[in-house]
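*Asks:* Sharing a structure here in structure tokens format.
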Amino acid sequence: AHKDLPLEEGRRCEGGTCCDKCSRNIFPTFASQAETSFDTYPELTGLTFNDLADVSAATILQFTRLIERVRRTIAHEYGLPLKTILPLQAYSRKYVAGSIQQGGGGGEGDFVTLHTDEATHDGYHYSCVLYLSTQGEDFEGGNFVFNDPDPNAKKTKNAYFDPDDPDAKIEKVSSFDEDDDYDEVEYATLAEEIRKAGRVFTPYGPSRGAAVIFSSGWENMHEVEQITAGTRYCVPCFFTTCPVPDAAYDQMVQGKPKTNEDIADDWLHLLLAHRKEDAHESLGRVKELLMKWHYICAPLSEH
């Protein structure tokens, strides 16, 4: 499968510690107010490449431009050849206070539980969240939070035995003192304290036009705190360094574009045709779009 192909150079850990290929970055002004305007691009509130029939050409072009900007930023940040990075998924996400997640990642909900993106899909190697609304103006709550081990977490004197090595004791890590009395602590408060024990939280309050870009592995566990009021819009997008085998292009009706006319034909067929599709047709078109992304978004000289 495409996602199972070996990684290119550019994302690895050396000697058991993360090198500069694993990082997290916040860009407060990644996109301008005009570029993220719902008045100009109203379909940005709920766009997916799988359903473009009723989306204006202006919005499709703007959304594609923003995703390509992320791709080029990842290439620059991580020192990767641009052609080795492809988007695997990109869509608009809507969080509504008081709602419950329905369906996949694009559905409404008011929080996102702790996770890593590469654990969700092992083809995800770099991630971005581009924000389309502002905390304190459009919604309340809803921090994006990185969740890391606390290097200064206190250790208790309690220990348990490793079943694989009965002679070795392993210390339990905890932020609680042994003589603390929790008899009168409410369960919810205690549960939250347990969740935070031994962890460091780095919250970010989203603002329209800002972007968070990070490597997708366990080094960047993250979550979204509950939205308490309003609606929060963003664009999550995920990129891979898995190469596309040449055989995949050979199976397409029109393979890799070789001329500017070929590129224009791909733009029309894959993005701007505005035709109704069934699920099978849509899936095939989007798969071809993502595999051809570099070729339709870069000049022929960079192919």
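We name chains A, B, ... following the order of the structure tokens; residues begin at 1 in each chain, and ligands are numbered from 1 as shown.
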For range 279-282 of chain A, work out the shell of residues within 8 Å, counting only C-alpha atoms and skipping chain neighbours fewer than 2 positions away, then give it as a PDB file with C-alpha atoms, in the first residue's frame.
*Replies:*
ATOM      1  CA  ASN A  50     -14.130  14.738  -1.921  1.00  0.00           C
ATOM      2  CA  ASP A  51     -17.048  17.068  -2.632  1.00  0.00           C
ATOM      3  CA  GLU A 277     -19.681  12.199  -8.476  1.00  0.00           C
ATOM      4  CA  GLY A 284     -10.403   7.875  -7.242  1.00  0.00           C
ATOM      5  CA  ARG A 285     -10.169  11.538  -8.192  1.00  0.00           C
ATOM      6  CA  VAL A 286      -8.878  12.610  -4.764  1.00  0.00           C
TER       7      VAL A 286
END
*Asks:* Using only C-alpha atoms, which residues sit within 12 Å of Tyr249 in chain A once same-chain residues fewer than 3 positions away are excluded, as a VMD selection string?
*Replies:* chain A and resid 243 to 246 252 to 257 287 to 292 295
*Asks:* My list of candidates is A:Glu193, A:Asp110, A:Glu137, A:Glu43. Which is closest to Pro206 in chain A when distances are computed with only C-alpha atoms?
*Replies:*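 Selected residue with least distance to Pro206 in chain A: A:Glu137.
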*Asks:* Hey, which of A:Val112, A:Leu61, A:Leu130, A:Ala34 ends up closest to Ile227 in chain A? Count only C-alpha atoms.
*Replies:* A:Val112
*Asks:* Per DSSP on the backbone, what are the strand (DSSP E or B) residues of range 45-124 of chain A, as a list of chain:residue names?
*Replies:*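 Answer for range 45-124 of chain A restricted to strand (DSSP E or B) is A:Thr48, A:Leu86, A:Pro87, A:Leu88, A:Gln89, A:Ala90, A:Tyr91, A:Arg93, A:Lys94, A:Tyr95, A:Val96, A:Val112, A:Thr113, A:Leu114, A:His115.
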*Asks:* Out of A:Arg65, A:Arg208, A:Lys258, A:Arg275, which residue has the shortest atom-to-atom distance to Gln135 in chain A when counting only C-alpha atoms?
*Replies:*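 Distance minimum relative to Gln135 in chain A lands on A:Arg208.
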*Asks:* Neighbouring residues of Ser207 in chain A were defined as those with any atom within 12 Å, considering only C-alpha atoms; residues of the same chain fewer than 6 positions away were excluded. Please report them as a PyMOL selection string.
*Replies:* chain A and resi 26-33+36+129-140+142-144+232-234
*Asks:* I'd like the interatomic distance between CA of Arg24 in chain A and CA of Gly46 in chain A, to a tenth of an Å.
*Replies:*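 Here the two named atoms are 26.1 Å from each other.
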*Asks:* Please identify which residues in range 9-129 of chain A DSSP calls helix (DSSP H, G or I) from the backbone, and express them as a PyMOL selection string.
*Replies:* chain A and resi 34-36+42-45+57-78+82-84+117-120
*Asks:* Which residue, A:Gly209, A:Cys237, A:Lys83, A:Thr228, has the smallest gap to Thr48 in chain A when you use only C-alpha atoms?
*Replies:*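 Going through A:Gly209, A:Cys237, A:Lys83, A:Thr228 one by one, the smallest distance to Thr48 in chain A is for A:Cys237.
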*Asks:* Just give me the gap between CA of Gly123 in chain A and CA of Thr241 in chain A in Å, one decimal is fine.
*Replies:*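 Spanning CA of Gly123 in chain A to CA of Thr241 in chain A is a straight-line distance of 7.9 Å.
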*Asks:* So that I can see what lies close to Leu271 in chain A, please list as a list in words the residues with an atom at most 8 Å from it, counting only C-alpha atoms and leaving out residues fewer than 5 positions away in the same chain.
*Replies:* Phe49, Leu52, Ile60, Asp266 and Leu289 of chain A
*Asks:* Pull all heavy atoms from the residues just selected and write them as a compact mmCIF listing (two decimals), in the first residue's frame.
*Replies:*
# COMPACT_ATOMS: atom_id res chain seq x y z
N PHE A 49 -11.92 17.87 -0.30
CA PHE A 49 -11.62 17.60 -1.71
C PHE A 49 -12.57 16.55 -2.29
O PHE A 49 -12.71 16.44 -3.51
CB PHE A 49 -10.18 17.11 -1.87
CG PHE A 49 -9.15 18.21 -1.78
CD1 PHE A 49 -8.08 18.09 -0.91
CD2 PHE A 49 -9.24 19.34 -2.57
CE1 PHE A 49 -7.12 19.09 -0.83
CE2 PHE A 49 -8.28 20.36 -2.50
CZ PHE A 49 -7.22 20.21 -1.63
N LEU A 52 -16.54 18.73 -4.32
CA LEU A 52 -16.24 20.08 -4.82
C LEU A 52 -17.28 20.58 -5.81
O LEU A 52 -17.14 21.68 -6.35
CB LEU A 52 -14.86 20.10 -5.49
CG LEU A 52 -13.66 19.78 -4.60
CD1 LEU A 52 -12.38 19.76 -5.44
CD2 LEU A 52 -13.53 20.79 -3.46
N ILE A 60 -11.86 26.94 -4.07
CA ILE A 60 -11.01 25.78 -4.34
C ILE A 60 -9.56 26.22 -4.55
O ILE A 60 -8.62 25.63 -4.00
CB ILE A 60 -11.51 25.01 -5.58
CG1 ILE A 60 -12.88 24.41 -5.31
CG2 ILE A 60 -10.52 23.93 -5.99
CD1 ILE A 60 -13.54 23.81 -6.54
N ASP A 266 -5.01 18.62 -15.69
CA ASP A 266 -5.15 18.01 -14.36
C ASP A 266 -5.88 18.95 -13.41
O ASP A 266 -6.70 18.50 -12.60
CB ASP A 266 -3.78 17.64 -13.80
CG ASP A 266 -3.27 16.31 -14.34
OD1 ASP A 266 -4.10 15.46 -14.70
OD2 ASP A 266 -2.04 16.11 -14.39
N LEU A 289 -5.40 13.17 -7.32
CA LEU A 289 -5.02 14.54 -6.99
C LEU A 289 -3.85 14.57 -6.02
O LEU A 289 -2.86 15.29 -6.23
CB LEU A 289 -6.22 15.28 -6.38
CG LEU A 289 -5.91 16.62 -5.69
CD1 LEU A 289 -5.43 17.65 -6.70
CD2 LEU A 289 -7.14 17.12 -4.93
*Asks:* For a quick check of understanding, using only C-alpha atoms, which of A:Ile85, A:Ala58, A:Ala264, A:Ile213 has the smallest distance to Ile296 in chain A?
*Replies:*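 Of the candidates, the smallest distance to Ile296 in chain A is held by A:Ala264.
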*Asks:* Rank A:Thr202, A:Thr40, A:Asn220, A:Thr73 by their smallest atom-to-atom distance to Ala57 in chain A, using only C-alpha atoms, and report the top residue only.
*Replies:*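 Residue with the minimum atom-to-atom distance to Ala57 in chain A: A:Thr40.
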